[in-house]
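Colleague: Below are the structure tokens for one structure; questions will follow.
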Amino acid sequence: MPVAIGTAAAVGEGGIIWWRAVAALVVSLAIQVATNYANDYSDGVRGTDDDRVGPLRLTGSGLVEPRRVKLAAFASFGVAAVAGLALAAAVGWELLAVGAVSFVAGWTYTGGPKPYGYLGLGEVFVFVFFGLVATLGSTWVQVETLTPVAWGGAVVAGLLATALLVTNNLRDIPTDAVTGKRTLAVRMGDHSTRMLFVAMLVLTFLVVGAVAISRPPAALALLAIPLAIPPSRTVLGGATGLDLIPVLAATGRLQLVVGIVLAAGLAAGG
């Protein structure tokens with residue numbers, strides 16, 4: 001989603017170089033995969049997933065030995081590094097610094113001596129890296145400039161990515177609190193976390209409307225508003241535990257639809 005939006009935001013600012021878009025997609029996906037493996041490994045060895053509610057985890061369930069999960073994380077980071085090096089060689093070596101910081105953020109979410117995911121900062125970092133960095137980076141590798149439209153699209157991408165994490169952490173409040181994982185949801189409490197989730201979805205569409213002022217076809221993404229109603233209703237209705245799994249799926253679908261339609265609108269209006 002962020003790569004599609006960032007690339008579409010570059011339309012009209014200069015010609016799109018498609019191999020760069022593909023490379024940006026590889027970097028984004030590989031870091032996403034690596035972060036999930038790293039999270040699986042670190043939470044598993046810490047014992048956070050010993051009493052998990054939700055989909056099976058590799059390390060915590062004992063299905064795969066921790067060493068192999070850790071190697072999978074490093075291999076995924078390696079894939080991102082290769083694609084990132086190609087982009088850096090073509091665009092500018094400053095991208096190496098962005099990539100290095102992204103790798104560190106992916107690993108230290110739940111890894112290292114003081115993981116920031118255990119300090120309530122996970123949502124902040126997801127918004128920054130899977131929203132701002134991924135989207136603006138995709139625009140930058142195309143035209144080497146950042147426009148207001150790109151910033152607006154980055155905020156949309158960040159809000160929806162963060163909403164997924166908020167749902168996940170809402171579900172895990174009981175187990176995270178017991179294991180000492182002080183996520184933002186644990187710190188805010190159940191009710192406030194539910195309000196935060198809905199507020200993020202509302203703000204997403206407000207920003208889409210603002211972006212549409214510059215590129216009117218982007219307003220088509222507002223047609224996805226009905227998809228935001230079921231997960232919001234479920235969260236506000238007090239669903240807990242396994243009953244929040246469908247919210248994750250619904251939020252993921254919303255993210256996908258908004259991303260596709262917004263990207264198409266941005267490209268058409270560029």
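Residue numbering restarts at 1 for every chain of the structure tokens, chains are lettered A, B, ... in their displayed order, and ligands are numbered from 1 as they appear.
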If we count only C-alpha atoms and set the cut-off at 10 Å, which residues sit around Gly252 of chain A, ignoring sequence neighbours fewer than 5 positions away in its own chain? Please answer as an mmCIF file with all heavy atoms, in the first residue's frame.
Modeller:
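Contents of result_24.cif, as written:
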data_model
loop_
_atom_site.group_PDB
_atom_site.id
_atom_site.type_symbol
_atom_site.label_atom_id
_atom_site.label_comp_id
_atom_site.auth_asym_id
_atom_site.auth_seq_id
_atom_site.Cartn_x
_atom_site.Cartn_y
_atom_site.Cartn_z
ATOM 1 N N LEU A 160 -3.580 3.601 8.679
ATOM 2 C CA LEU A 160 -4.178 2.279 8.506
ATOM 3 C C LEU A 160 -3.243 1.166 8.974
ATOM 4 O O LEU A 160 -3.692 0.173 9.553
ATOM 5 C CB LEU A 160 -4.575 2.078 7.040
ATOM 6 C CG LEU A 160 -5.769 2.929 6.596
ATOM 7 C CD1 LEU A 160 -6.037 2.768 5.109
ATOM 8 C CD2 LEU A 160 -7.030 2.562 7.392
ATOM 9 N N ALA A 161 -1.949 1.330 8.744
ATOM 10 C CA ALA A 161 -0.992 0.339 9.247
ATOM 11 C C ALA A 161 -1.007 0.313 10.770
ATOM 12 O O ALA A 161 -0.963 -0.753 11.397
ATOM 13 C CB ALA A 161 0.408 0.659 8.732
ATOM 14 N N ALA A 163 -3.501 1.239 12.700
ATOM 15 C CA ALA A 163 -4.791 0.720 13.173
ATOM 16 C C ALA A 163 -4.745 -0.798 13.304
ATOM 17 O O ALA A 163 -5.347 -1.370 14.223
ATOM 18 C CB ALA A 163 -5.905 1.141 12.219
ATOM 19 N N LEU A 164 -4.024 -1.459 12.410
ATOM 20 C CA LEU A 164 -3.861 -2.910 12.514
ATOM 21 C C LEU A 164 -3.147 -3.290 13.809
ATOM 22 O O LEU A 164 -3.552 -4.221 14.513
ATOM 23 C CB LEU A 164 -3.065 -3.434 11.312
ATOM 24 C CG LEU A 164 -3.830 -3.667 10.016
ATOM 25 C CD1 LEU A 164 -2.856 -3.910 8.873
ATOM 26 C CD2 LEU A 164 -4.785 -4.846 10.154
ATOM 27 N N PRO A 246 -11.535 -11.177 13.488
ATOM 28 C CA PRO A 246 -12.196 -10.654 12.282
ATOM 29 C C PRO A 246 -11.952 -9.159 12.076
ATOM 30 O O PRO A 246 -11.982 -8.681 10.934
ATOM 31 C CB PRO A 246 -13.683 -10.936 12.539
ATOM 32 C CG PRO A 246 -13.688 -12.089 13.482
ATOM 33 C CD PRO A 246 -12.510 -11.848 14.382
ATOM 34 N N VAL A 247 -11.707 -8.421 13.150
ATOM 35 C CA VAL A 247 -11.408 -6.993 13.017
ATOM 36 C C VAL A 247 -10.073 -6.797 12.319
ATOM 37 O O VAL A 247 -9.912 -5.896 11.484
ATOM 38 C CB VAL A 247 -11.415 -6.299 14.399
ATOM 39 C CG1 VAL A 247 -10.994 -4.831 14.270
ATOM 40 C CG2 VAL A 247 -12.791 -6.395 15.033
ATOM 41 N N VAL A 257 -8.058 -1.921 0.082
ATOM 42 C CA VAL A 257 -8.961 -1.210 -0.826
ATOM 43 C C VAL A 257 -8.626 0.277 -0.891
ATOM 44 O O VAL A 257 -8.545 0.864 -1.983
ATOM 45 C CB VAL A 257 -10.433 -1.412 -0.400
ATOM 46 C CG1 VAL A 257 -11.356 -0.514 -1.213
ATOM 47 C CG2 VAL A 257 -10.837 -2.865 -0.570
ATOM 48 N N VAL A 258 -8.435 0.896 0.268
ATOM 49 C CA VAL A 258 -8.076 2.320 0.281
ATOM 50 C C VAL A 258 -6.763 2.534 -0.470
ATOM 51 O O VAL A 258 -6.635 3.483 -1.259
ATOM 52 C CB VAL A 258 -7.963 2.842 1.731
ATOM 53 C CG1 VAL A 258 -7.353 4.247 1.741
ATOM 54 C CG2 VAL A 258 -9.342 2.883 2.383
#
Colleague: Within 8 Å of segment 57-63 of chain A, counting only C-alpha atoms, which residues qualify if same-chain residues fewer than 2 places away don't, as a PyMOL selection string?
Modeller: chain A and resi 40-41+43-45+47-50+55+65-66+69
Colleague: The selected residues should be written to file as a compact mmCIF listing (two decimals), in the first residue's frame (atoms: C-alpha atoms).
Modeller:
# COMPACT_ATOMS: atom_id res chain seq x y z
CA ASP A 40 8.00 -13.90 16.39
CA TYR A 41 11.53 -14.84 17.50
CA ASP A 43 8.49 -12.59 21.74
CA GLY A 44 8.91 -16.36 21.65
CA VAL A 45 12.25 -16.48 23.46
CA GLY A 47 7.97 -16.10 26.78
CA THR A 48 5.47 -13.42 25.75
CA ASP A 49 3.69 -15.86 23.42
CA ASP A 50 3.44 -18.72 25.93
CA PRO A 55 -2.90 -17.09 15.25
CA GLU A 65 13.32 -23.80 16.62
CA PRO A 66 14.20 -20.17 17.50
CA VAL A 69 13.21 -18.13 12.85
Colleague: With a distance cut-off of 8 Å and only C-alpha atoms, select the neighbouring residues of segment 121-125 of chain A, excluding the residue or stretch itself and same-chain residues fewer than 5 positions from it, and output the selection as a PDB file with N, CA, C and O atoms, in the first residue's frame.
Modeller:
ATOM      1  N   ALA A 105      15.038  -0.547  13.452  1.00  0.00           N
ATOM      2  CA  ALA A 105      13.677  -0.409  13.990  1.00  0.00           C
ATOM      3  C   ALA A 105      12.921  -1.724  13.900  1.00  0.00           C
ATOM      4  O   ALA A 105      12.171  -2.088  14.816  1.00  0.00           O
ATOM      5  N   TYR A 109      11.955  -3.708  17.636  1.00  0.00           N
ATOM      6  CA  TYR A 109      10.540  -3.589  18.020  1.00  0.00           C
ATOM      7  C   TYR A 109      10.263  -4.464  19.239  1.00  0.00           C
ATOM      8  O   TYR A 109       9.697  -4.014  20.246  1.00  0.00           O
ATOM      9  N   TYR A 116      11.385  -1.290  22.005  1.00  0.00           N
ATOM     10  CA  TYR A 116      10.457  -0.157  22.134  1.00  0.00           C
ATOM     11  C   TYR A 116       8.991  -0.593  22.073  1.00  0.00           C
ATOM     12  O   TYR A 116       8.100   0.123  22.544  1.00  0.00           O
ATOM     13  N   PHE A 130       6.170   2.345   8.444  1.00  0.00           N
ATOM     14  CA  PHE A 130       5.291   1.717   7.463  1.00  0.00           C
ATOM     15  C   PHE A 130       4.306   2.711   6.860  1.00  0.00           C
ATOM     16  O   PHE A 130       3.506   2.345   5.996  1.00  0.00           O
ATOM     17  N   THR A 162      -1.092   1.487  11.371  1.00  0.00           N
ATOM     18  CA  THR A 162      -1.096   1.579  12.830  1.00  0.00           C
ATOM     19  C   THR A 162      -2.392   1.040  13.414  1.00  0.00           C
ATOM     20  O   THR A 162      -2.399   0.440  14.496  1.00  0.00           O
ATOM     21  N   LEU A 165      -2.087  -2.557  14.129  1.00  0.00           N
ATOM     22  CA  LEU A 165      -1.342  -2.849  15.354  1.00  0.00           C
ATOM     23  C   LEU A 165      -2.181  -2.551  16.592  1.00  0.00           C
ATOM     24  O   LEU A 165      -2.123  -3.293  17.577  1.00  0.00           O
ATOM     25  N   VAL A 166      -2.960  -1.476  16.543  1.00  0.00           N
ATOM     26  CA  VAL A 166      -3.824  -1.133  17.671  1.00  0.00           C
ATOM     27  C   VAL A 166      -4.804  -2.272  17.951  1.00  0.00           C
ATOM     28  O   VAL A 166      -5.027  -2.661  19.108  1.00  0.00           O
ATOM     29  N   THR A 183       2.597  -2.331  26.114  1.00  0.00           N
ATOM     30  CA  THR A 183       2.232  -1.707  24.845  1.00  0.00           C
ATOM     31  C   THR A 183       1.400  -0.461  25.098  1.00  0.00           C
ATOM     32  O   THR A 183       0.957  -0.193  26.223  1.00  0.00           O
ATOM     33  N   LEU A 184       1.169   0.307  24.041  1.00  0.00           N
ATOM     34  CA  LEU A 184       0.334   1.495  24.180  1.00  0.00           C
ATOM     35  C   LEU A 184      -1.060   1.122  24.659  1.00  0.00           C
ATOM     36  O   LEU A 184      -1.662   1.837  25.470  1.00  0.00           O
TER      37      LEU A 184
END
Colleague: Would you return as a PyMOL selection string the members of segment 5-200 of chain A that DSSP assigns to helix (DSSP H, G or I) on this structure's backbone?
Modeller: chain A and resi 5-9+18-46+58-61+66-91+94-108+116-119+122-143+148-171+173-179+184-188+190-200
Colleague: Using only C-alpha atoms, find the one residue out of A:Leu223, A:Arg20, A:Tyr37, A:Thr139 that sits nearest to Val64 of chain A.
Modeller: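 Ranking A:Leu223, A:Arg20, A:Tyr37, A:Thr139 by distance to Val64 of chain A, first place goes to A:Tyr37.
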Colleague: Tell me which protein, DNA and RNA residues are within 12 Å of Val33 of chain A, counting only C-alpha atoms, leaving out same-chain ones fewer than 6 positions away, and put them as a list of chain:residue names.
Modeller: A:Val26, A:Val27, A:Asn39, A:Asp40, A:Val69, A:Lys70, A:Ala72, A:Ala73, A:Phe74, A:Ala75, A:Ser76, A:Phe77, A:Gly78, A:Val79, A:Ala80, A:Phe103, A:Gly106, A:Trp107
Colleague: Restricting the calculation to only C-alpha atoms, which member of A:Ala221, A:Leu71, A:Leu266, A:Val91 is positioned closest to Glu144 of chain A?
Modeller: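 Using only C-alpha atoms, the shortest distance to Glu144 of chain A belongs to A:Val91.
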Colleague: Quick one: residues within 10 Å of Leu170 of chain A, only C-alpha atoms counted, chain neighbours fewer than 4 positions away excluded, as a ChimeraX atom specification?
Modeller: /A:164-166,174,176,183-186,188-194,197,235,239-241,244
Colleague: For C-alpha atoms, I'd like the residues from the last selection saved as a JSON list (two decimals), in the first residue's frame.
Modeller:
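Printed below is part-v3.json as written:
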[["chain", "number", "residue", "atom", "x", "y", "z"],
["A", 164, "LEU", "CA", -3.86, -2.91, 12.51],
["A", 165, "LEU", "CA", -1.34, -2.85, 15.35],
["A", 166, "VAL", "CA", -3.82, -1.13, 17.67],
["A", 174, "PRO", "CA", -4.62, -9.33, 29.16],
["A", 176, "ASP", "CA", 0.74, -8.52, 27.53],
["A", 183, "THR", "CA", 2.23, -1.71, 24.85],
["A", 184, "LEU", "CA", 0.33, 1.50, 24.18],
["A", 185, "ALA", "CA", -2.89, -0.47, 24.61],
["A", 186, "VAL", "CA", -1.81, -1.70, 28.04],
["A", 188, "MET", "CA", -4.00, 3.48, 27.70],
["A", 189, "GLY", "CA", -6.41, 0.81, 28.84],
["A", 190, "ASP", "CA", -9.19, -1.04, 27.04],
["A", 191, "HIS", "CA", -11.68, 1.80, 26.49],
["A", 192, "SER", "CA", -9.20, 4.41, 25.30],
["A", 193, "THR", "CA", -7.60, 1.93, 22.91],
["A", 194, "ARG", "CA", -10.98, 1.26, 21.32],
["A", 197, "PHE", "CA", -8.81, 2.65, 16.75],
["A", 235, "VAL", "CA", -14.45, -2.75, 18.50],
["A", 239, "ALA", "CA", -15.25, -7.58, 21.48],
["A", 240, "THR", "CA", -12.26, -9.26, 23.11],
["A", 241, "GLY", "CA", -9.84, -12.10, 22.44],
["A", 244, "LEU", "CA", -11.14, -9.38, 17.51]]
Colleague: When you look at Val202 of chain A with a cut-off of 10 Å (counting only C-alpha atoms), what residues show up, excluding the ones that are within fewer than 5 positions of it in the same chain? I need them as a PyMOL selection string.
Modeller: chain A and resi 159+196-197+207+225+228+232
Colleague: Can you pull out every residue within 9 Å of segment 93-102 of chain A, counting only C-alpha atoms, but drop anything in the same chain fewer than 5 positions away, and send it as a PDB file with N, CA and C atoms, in the first residue's frame?
Modeller:
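This went into selection_34.pdb:
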ATOM      1  N   VAL A  27      11.889  -3.956  -1.138  1.00  0.00           N
ATOM      2  CA  VAL A  27      12.430  -3.471   0.138  1.00  0.00           C
ATOM      3  C   VAL A  27      11.342  -3.440   1.198  1.00  0.00           C
ATOM      4  N   ILE A  31      11.253  -5.990   4.456  1.00  0.00           N
ATOM      5  CA  ILE A  31      11.374  -5.459   5.821  1.00  0.00           C
ATOM      6  C   ILE A  31      10.155  -5.848   6.642  1.00  0.00           C
ATOM      7  N   ALA A  80      16.040  -7.263   1.508  1.00  0.00           N
ATOM      8  CA  ALA A  80      15.772  -5.826   1.492  1.00  0.00           C
ATOM      9  C   ALA A  80      17.049  -5.037   1.222  1.00  0.00           C
ATOM     10  N   ALA A  81      18.159  -5.500   1.778  1.00  0.00           N
ATOM     11  CA  ALA A  81      19.429  -4.799   1.604  1.00  0.00           C
ATOM     12  C   ALA A  81      19.888  -4.817   0.149  1.00  0.00           C
ATOM     13  N   GLY A  84      17.703  -2.497  -1.764  1.00  0.00           N
ATOM     14  CA  GLY A  84      18.006  -1.139  -1.313  1.00  0.00           C
ATOM     15  C   GLY A  84      19.309  -0.619  -1.873  1.00  0.00           C
ATOM     16  N   LEU A  85      20.303  -1.484  -1.980  1.00  0.00           N
ATOM     17  CA  LEU A  85      21.586  -1.080  -2.555  1.00  0.00           C
ATOM     18  C   LEU A  85      21.424  -0.648  -4.010  1.00  0.00           C
ATOM     19  N   LEU A  87      18.763   0.676  -5.353  1.00  0.00           N
ATOM     20  CA  LEU A  87      18.122   1.992  -5.340  1.00  0.00           C
ATOM     21  C   LEU A  87      19.108   3.077  -4.926  1.00  0.00           C
ATOM     22  N   ALA A  88      19.914   2.785  -3.927  1.00  0.00           N
ATOM     23  CA  ALA A  88      20.896   3.763  -3.452  1.00  0.00           C
ATOM     24  C   ALA A  88      21.895   4.111  -4.546  1.00  0.00           C
ATOM     25  N   TRP A 107      14.180  -4.793  13.970  1.00  0.00           N
ATOM     26  CA  TRP A 107      14.689  -5.765  14.931  1.00  0.00           C
ATOM     27  C   TRP A 107      14.366  -5.383  16.369  1.00  0.00           C
ATOM     28  N   PHE A 129       7.517   4.301  10.077  1.00  0.00           N
ATOM     29  CA  PHE A 129       8.235   3.488   9.096  1.00  0.00           C
ATOM     30  C   PHE A 129       7.332   2.847   8.052  1.00  0.00           C
ATOM     31  N   VAL A 133       7.950   6.695   6.104  1.00  0.00           N
ATOM     32  CA  VAL A 133       9.197   6.311   5.431  1.00  0.00           C
ATOM     33  C   VAL A 133       8.923   5.517   4.152  1.00  0.00           C
ATOM     34  N   GLY A 137       9.496   7.480   0.845  1.00  0.00           N
ATOM     35  CA  GLY A 137      10.658   6.891   0.195  1.00  0.00           C
ATOM     36  C   GLY A 137      10.338   6.448  -1.224  1.00  0.00           C
TER      37      GLY A 137
END
